[in-house]
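Participant: The following block contains the structure, expressed as structure tokens.
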Amino acid sequence: MAKLAFLFPGQGSQYVGMGQRLFNEDCEAKRVFEEASGVLGFDIADLCFNGPEEKLNLTQYTQPAILTVSIAAYGLLTREGFLPDMVAGHSLGEYSALVASDAMKFSDAVYLVHRRGIYMQEALSPDKSLVAAILGLDRLGVEDICREASGKGIVSVANYNSPVQIVIAGEKEAVRLALEMAEKRKAKRTIILPVSAPVHSPLMKDAAERLSLDMEKIGIGDLRYPLVCNVDAMPISRGEEARSCLIRQITSPVLWEDSIRRMITSGVSSFIEIGPKNVLTGLVKRIDKNVRTSNIENRDSLKEAMDIIWT
């Protein structure tokens with residue numbers, strides 16, 4: 001039997017104006033924003049709708065903002081009675097997926113991702129790090145480049161996003177050297193990403209340790225739907241497994257391509273991305289063009305997603 005998976009985006013999907021139509025058109029979505037603002041102590045709706053972009057792109061603000069928009073959009077589906085067979089989230093998106101799986105309270109997730117962002121930001125100054133995407137080189141090629149560039153500092157693969165897109169992160173000089181090497185080796189394109197901390201790299205060790213202390217105070221229950229975690233690309237269903245994944249993912253690469261292939265092998269044939277933009281939808285299509293995909297960010301996009309679900 002064909003299965004349905006819900007996907008939740010991570011950093012890089014943010015933009016000024018995200019969630020505003022949802023906020024204006026849906027009372028329940030508005031309540032999600034208000035709850036998040038109460039936890040954070042600042043107006044998350046104003047930040048999402050009006051920016052400024054420079055502030056929204058700072059990871060301590062990006063993370064709770066994307067989580068809030070994603071969970072507000074998720075409510076559109078649940079109120080229509082649609083439920084997934086599996087879930088996954090890209091990095092930060094794992095917190096959204098755990099909220100959707102009834103394993104974590106939304107207020108706890110908002111608190112944790114805000115602290116996560118602060119710890120990541122404080123682990124290394126933004127002017128000393130870079131995160132960048134390399135398009136058109138395979139895994140072995142990018143891994144080899146990172147090894148060679150490490151003479152200039154720490155640089156490693158952060159995300160294995162698709163067969164043609166791999167993200168690297170690390171210290172600025174080392175990342176820049178890796179990008180130069182990638183271009184010489186005929187990469188189709190290199191792109192510096194609007195991420196203010198080198199997430200999923202060894203540079204985040206201190207952030208992982210600090211977050212683990214906060215996470216000890218937060219309850220994480222067993223999952224209503226299996227989650228394919230970033231670190232191992234394997235499905236988990238227990239709260240303690242989820243807790244371990246959230247800590248380990250901070251310093252480990254996101255195995256996104258592997259995770260999507262794992263879900264397809266498990267019978268998933270339709271993927272619905274829930275949250276701002278449609279970055280994950282594009283990645284899934286590059287991994288397997290035969291699956292059905294859609295994304296939900298507001299009521300207009302809900303209809304297309306519902307058509308896929310009914311099919």
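Chains: A, B, ... in order of the structure tokens. Residues: from 1 per chain. Ligands: from 1, in order shown.
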As a ChimeraX atom specification, which residues of range 90-279 of chain A does DSSP assign to helix (DSSP H, G or I)?
Facilitator: /A:93-100,106-123,126-128,139-152,172-184,202-215,239-248,256-265,279
Participant: Write out as a list in words which residues come within 7 Å of range 232-236 of chain A when counting only C-alpha atoms, dropping same-chain ones fewer than 6 positions away.
Facilitator: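 The contact residues come out as Pro226, Leu255, Asp258, Ser259 and Arg262 of chain A.
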Participant: Out of A:Asp138, A:Asp307, A:Glu273, A:Asp46, which residue has the shortest atom-to-atom distance to Lys285 in chain A when counting only C-alpha atoms?
Facilitator: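 Nearest candidate to Lys285 in chain A out of A:Asp138, A:Asp307, A:Glu273, A:Asp46: A:Glu273.
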Participant: Near Leu40 in chain A, counting only C-alpha atoms, which residues have an atom at most 9 Å away, once you skip same-chain residues fewer than 2 positions from it, shown as a VMD selection string?
Facilitator: chain A and resid 35 to 38 42 to 44 64 110 to 111 114
Participant: Any chance you could tabulate, as CSV, the residues of range 18-92 of chain A at most 9 Å from range 289-302 of chain A with each one's nearest atom pair and distance in Å to one decimal, using only C-alpha atoms, in chain and rising number order?
Facilitator:
```
residue,atom,partner,partner_atom,distance
A:Met18,CA,A:Glu297,CA,8.4
A:Gly19,CA,A:Glu297,CA,7.2
A:Arg21,CA,A:Asn298,CA,6.7
A:Leu22,CA,A:Asn298,CA,5.3
A:Glu25,CA,A:Arg299,CA,8.1
A:Asp26,CA,A:Arg299,CA,8.7
A:Val69,CA,A:Glu297,CA,8.0
A:Ser70,CA,A:Glu297,CA,7.7
A:Ala72,CA,A:Glu297,CA,8.8
A:Ala73,CA,A:Glu297,CA,5.7
A:Tyr74,CA,A:Ile296,CA,8.0
A:Leu76,CA,A:Leu302,CA,7.5
A:Leu77,CA,A:Leu302,CA,7.5
```
Participant: Give me the residues near Pro52 in chain A as a list in words, where near means some atom within 12 Å (using only C-alpha atoms) and where sequence neighbours in that chain fewer than 6 positions away do not count.
Facilitator: Gln14, Tyr15, Val16, Gly17, Asp46, Leu58, Tyr61 and Thr62 of chain A
Participant: With a distance cut-off of 8 Å and only C-alpha atoms, select the neighbouring residues of Ser96 in chain A, excluding the residue or stretch itself and same-chain residues fewer than 5 positions from it, and output the selection as a list in words.
Facilitator: Phe8, Leu67, Ser70, Ile71, Gly89 and Ala109 of chain A
Participant: Take the residues from that selection and put them in a file with N, CA and C atoms, as a PDB file, in the first residue's frame.
Facilitator:
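Wrote it out as selection-v9.pdb, contents follow:
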```pdb
ATOM      1  N   PHE A   8       9.378  18.552   6.842  1.00  0.00           N
ATOM      2  CA  PHE A   8       9.427  19.879   7.453  1.00  0.00           C
ATOM      3  C   PHE A   8      10.783  20.526   7.177  1.00  0.00           C
ATOM      4  N   LEU A  67      10.093  27.103  12.474  1.00  0.00           N
ATOM      5  CA  LEU A  67       9.292  26.145  13.244  1.00  0.00           C
ATOM      6  C   LEU A  67       7.862  26.634  13.394  1.00  0.00           C
ATOM      7  N   SER A  70       5.934  26.502  10.119  1.00  0.00           N
ATOM      8  CA  SER A  70       5.684  25.105   9.741  1.00  0.00           C
ATOM      9  C   SER A  70       4.532  24.495  10.538  1.00  0.00           C
ATOM     10  N   ILE A  71       4.515  24.725  11.850  1.00  0.00           N
ATOM     11  CA  ILE A  71       3.455  24.141  12.674  1.00  0.00           C
ATOM     12  C   ILE A  71       2.121  24.826  12.413  1.00  0.00           C
ATOM     13  N   GLY A  89      12.295  15.688   9.035  1.00  0.00           N
ATOM     14  CA  GLY A  89      12.565  17.119   9.027  1.00  0.00           C
ATOM     15  C   GLY A  89      14.018  17.354   8.708  1.00  0.00           C
ATOM     16  N   ALA A 109       9.390  22.964  21.937  1.00  0.00           N
ATOM     17  CA  ALA A 109      10.189  22.985  20.704  1.00  0.00           C
ATOM     18  C   ALA A 109      10.643  24.405  20.380  1.00  0.00           C
TER      19      ALA A 109
END
```
Participant: In Å to one decimal, how far is CA of Lys186 in chain A from CA of Pro163 in chain A?
Facilitator: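 Separating CA of Pro163 in chain A from CA of Lys186 in chain A is a distance of 15.4 Å.
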Participant: So that I can see what lies close to Ala103 in chain A, please list as an mmCIF file with N, CA and C atoms, in the first residue's frame the residues with an atom at most 7 Å from it, counting only C-alpha atoms and leaving out residues fewer than 5 positions away in the same chain.
Facilitator:
```
data_model
loop_
_atom_site.group_PDB
_atom_site.id
_atom_site.type_symbol
_atom_site.label_atom_id
_atom_site.label_comp_id
_atom_site.auth_asym_id
_atom_site.auth_seq_id
_atom_site.Cartn_x
_atom_site.Cartn_y
_atom_site.Cartn_z
ATOM 1 N N LEU A 98 8.729 16.341 15.219
ATOM 2 C CA LEU A 98 8.423 15.765 16.533
ATOM 3 C C LEU A 98 7.174 16.381 17.134
ATOM 4 N N ILE A 220 10.192 14.365 26.080
ATOM 5 C CA ILE A 220 9.994 13.909 24.701
ATOM 6 C C ILE A 220 9.368 12.527 24.772
ATOM 7 N N GLY A 221 8.151 12.423 24.298
ATOM 8 C CA GLY A 221 7.432 11.155 24.369
ATOM 9 C C GLY A 221 7.667 10.298 23.140
ATOM 10 N N ASP A 222 7.058 9.124 23.137
ATOM 11 C CA ASP A 222 7.136 8.272 21.960
ATOM 12 C C ASP A 222 6.354 8.899 20.813
ATOM 13 N N LEU A 223 6.749 8.570 19.603
ATOM 14 C CA LEU A 223 6.219 9.236 18.417
ATOM 15 C C LEU A 223 4.951 8.559 17.903
ATOM 16 N N GLY A 239 10.869 8.164 22.279
ATOM 17 C CA GLY A 239 11.292 9.487 22.687
ATOM 18 C C GLY A 239 12.780 9.604 22.950
#
```
Participant: Of the candidates A:Ser237, A:Ser266, A:Ser107, A:Thr190, which one gets nearest to Leu4 in chain A if we count only C-alpha atoms?
Facilitator: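 The closest residue to Leu4 in chain A is A:Ser266.
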Participant: Out of A:Ala305, A:Leu124, A:Leu227, A:Val87, which residue has the shortest atom-to-atom distance to Lys172 in chain A when counting only C-alpha atoms?
Facilitator: A:Leu124
Participant: Find the distance between CA of Glu180 in chain A and CA of Gly12 in chain A and write it in Å to one decimal.
Facilitator: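 Atom-to-atom, CA of Glu180 in chain A and CA of Gly12 in chain A are spaced 22.2 Å apart.
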Participant: Taking only C-alpha atoms into account, name the residue in A:Arg176, A:Arg224, A:His90, A:Lys217 that is nearest to Ala158 in chain A.
Facilitator: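 Of all the options, A:His90 lies closest to Ala158 in chain A.
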Participant: I need the residue nearest Gly93 in chain A from this list: A:Val39, A:Val113, A:Val155, A:Ala174. Use only C-alpha atoms for the distance.
Facilitator: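 Of A:Val39, A:Val113, A:Val155, A:Ala174, the one nearest Gly93 in chain A, counting only C-alpha atoms, is A:Val113.
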Participant: Determine the nearest neighbour of Lys205 in chain A from the options A:Ala5, A:Val279, A:Ile145, A:Ile250, counting only C-alpha atoms.
Facilitator: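 Of A:Ala5, A:Val279, A:Ile145, A:Ile250, the one nearest Lys205 in chain A is A:Ile250, counting only C-alpha atoms.
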Participant: Name the residues in contact with Gly136 in chain A at a cut-off of 6 Å, using only C-alpha atoms, excluding same-chain residues fewer than 2 positions from it; report them as a PyMOL selection string.
Facilitator: chain A and resi 164+187-188
Participant: For those residues, write N, CA and C atoms to a file as a PDB file, in the first residue's frame.
Facilitator:
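Full text of part30.pdb as output:
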```pdb
ATOM      1  N   VAL A 164      22.888  15.725  -6.568  1.00  0.00           N
ATOM      2  CA  VAL A 164      23.598  16.836  -7.219  1.00  0.00           C
ATOM      3  C   VAL A 164      23.773  18.050  -6.312  1.00  0.00           C
ATOM      4  N   ALA A 187      32.411  21.781 -10.842  1.00  0.00           N
ATOM      5  CA  ALA A 187      31.106  21.858 -10.199  1.00  0.00           C
ATOM      6  C   ALA A 187      30.224  22.783 -11.034  1.00  0.00           C
ATOM      7  N   LYS A 188      28.949  22.461 -11.158  1.00  0.00           N
ATOM      8  CA  LYS A 188      28.053  23.294 -11.959  1.00  0.00           C
ATOM      9  C   LYS A 188      27.878  24.669 -11.339  1.00  0.00           C
TER      10      LYS A 188
END
```
Participant: Please, what distance in Å, to one decimal, runs between CA of Asn278 in chain A and CA of Ile66 in chain A?
Facilitator: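 Interatomic distance, CA of Asn278 in chain A to CA of Ile66 in chain A: 12.6 Å.
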Participant: Could you pull out the strand (DSSP E) residues of range 114-248 of chain A, going by DSSP on the backbone, and write them as a PyMOL selection string?
Facilitator: chain A and resi 129-135+155-162+165-171+189-192+227-228+235-236
